[in-house]
Every structure is written in C-alpha cells, then in structure tokens.
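Some notes on the structure that comes next.
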Amino acid sequence: MKKARKLYESSSGDRWYLIADPSGTVFIRHEANVASGGQVEHEDIAAFLSRGVGPEQQELLNLIRILVEEHPDA
C-alpha cells in the first residue's frame, strides 16, 4: 500500500504529495488542477527540488528540517 503526505496545495488547486510505495521508492506526485487538465505526474525528489524554490519545494524542505530537528542523532 502506498503512503502519502500532502506537501502543498496552491490557491489554484494544484496539489503535491510525498509518496512512499511498497517497494521503498519515494517520489513526488503532482496533481494539476482541473482547469489545467488534471494531469498527474510523478517526479524524483532530486528533480523536484532542482526545479526551484517555490512553495511546494519549501514545504518538502520544511518537512526534512522537522525530521532532522526531531531526530538529531539518527
């Protein structure tokens, strides 16, 4: 079973999720809003982060920051 965590939802309705599938692969799922065609795309995390510093990338970085702060010695 896939596990998902919503990272960000834009004011236009686009949504980004952090997904972990049963094989252990972790990736970003982008669901475009209906007006944009509603396409769903999967993207490697490195590619997602390299595209810029938009609010969706900032949310992923914030999540990583929180994990590091909660488990500093891990």
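Letters for chains follow the order of the structure tokens (A, B, ...), residue numbers begin at 1 for each chain, and ligand numbers begin at 1 in the order shown.
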
| request: Name the residues in contact with Tyr17 in chain A at a cut-off of 7 Å, using only C-alpha atoms, excluding same-chain residues fewer than 3 positions from it; report them as a PyMOL selection string. | output: chain A and resi 4-7+28-30

| task | Quick one: everything within 9 Å of Leu60 in chain A, counting only C-alpha atoms, minus sequence neighbours fewer than 6 positions away in the same chain. Send it as a list of chain:residue names. | result | A:Leu7, A:Tyr8, A:Leu18, A:Leu49

Take the residues from that selection and write them out as a short mmCIF file (atom, residue, chain, number, x, y, z; two decimals), in the first residue's frame, keeping N, CA and C atoms.
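The file below, result_37.cif, is the result:
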data_model
loop_
_atom_site.label_atom_id
_atom_site.label_comp_id
_atom_site.auth_asym_id
_atom_site.auth_seq_id
_atom_site.Cartn_x
_atom_site.Cartn_y
_atom_site.Cartn_z
N LEU A 7 2.01 17.73 0.67
CA LEU A 7 3.02 18.75 0.94
C LEU A 7 2.43 20.15 0.82
N TYR A 8 1.67 20.36 -0.26
CA TYR A 8 1.23 21.72 -0.54
C TYR A 8 0.04 21.68 -1.49
N LEU A 18 4.06 13.82 -1.07
CA LEU A 18 5.23 12.97 -0.91
C LEU A 18 4.70 11.56 -0.79
N LEU A 49 13.25 19.12 -6.37
CA LEU A 49 13.95 20.18 -5.63
C LEU A 49 14.81 21.05 -6.55
#

| task | Determine which residues of range 3-71 of chain A receive a DSSP assignment of alpha helix (DSSP H), computed from the backbone, and state them as a list in words. | result |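 Listing alpha helix (DSSP H) positions across range 3-71 of chain A yields Ile45, Ala46, Ala47, Phe48, Leu49, Ser50, Pro55, Glu56, Gln57, Gln58, Glu59, Leu60, Leu61, Asn62, Leu63, Ile64, Arg65, Ile66, Leu67, Val68, Glu69 and Glu70 of chain A.
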
Please save C-alpha atoms of the selected residues as an mmCIF file, in the first residue's frame.
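Now in out.cif:
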data_model
loop_
_atom_site.group_PDB
_atom_site.id
_atom_site.type_symbol
_atom_site.label_atom_id
_atom_site.label_comp_id
_atom_site.auth_asym_id
_atom_site.auth_seq_id
_atom_site.Cartn_x
_atom_site.Cartn_y
_atom_site.Cartn_z
ATOM 1 C CA ILE A 45 12.714 14.144 -5.344
ATOM 2 C CA ALA A 46 16.047 15.471 -6.621
ATOM 3 C CA ALA A 47 14.438 16.694 -9.857
ATOM 4 C CA PHE A 48 11.571 18.247 -7.890
ATOM 5 C CA LEU A 49 13.947 20.176 -5.635
ATOM 6 C CA SER A 50 16.175 21.249 -8.529
ATOM 7 C CA PRO A 55 6.239 26.980 -2.013
ATOM 8 C CA GLU A 56 5.900 23.276 -2.832
ATOM 9 C CA GLN A 57 9.691 22.785 -2.643
ATOM 10 C CA GLN A 58 9.818 24.865 0.546
ATOM 11 C CA GLU A 59 7.254 22.567 2.171
ATOM 12 C CA LEU A 60 9.356 19.495 1.405
ATOM 13 C CA LEU A 61 12.453 21.212 2.799
ATOM 14 C CA ASN A 62 10.489 22.203 5.921
ATOM 15 C CA LEU A 63 9.413 18.596 6.411
ATOM 16 C CA ILE A 64 13.029 17.423 6.121
ATOM 17 C CA ARG A 65 14.097 20.149 8.580
ATOM 18 C CA ILE A 66 11.452 18.983 11.090
ATOM 19 C CA LEU A 67 12.660 15.378 10.834
ATOM 20 C CA VAL A 68 16.249 16.414 11.473
ATOM 21 C CA GLU A 69 15.253 18.523 14.484
ATOM 22 C CA GLU A 70 13.158 15.694 15.957
#

| message | I'd like the contact shell of range 19-24 of chain A - 6 Å cut-off, only C-alpha atoms, skipping same-chain residues fewer than 6 positions apart - returned as a list in words. | response |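 The contact residues come out as Met1, Lys2, Lys3 and Ala4 of chain A.
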
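Across the structure, CA of Glu41 in chain A and CA of Ser12 in chain A are spaced 16.9 Å apart.
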
| message | List the spatial neighbours of Gly13 in chain A as a ChimeraX atom specification - criterion: any atom at most 10 Å away, only C-alpha atoms, same-chain residues fewer than 4 positions off excluded. | response | /A:8-9,31-36,38
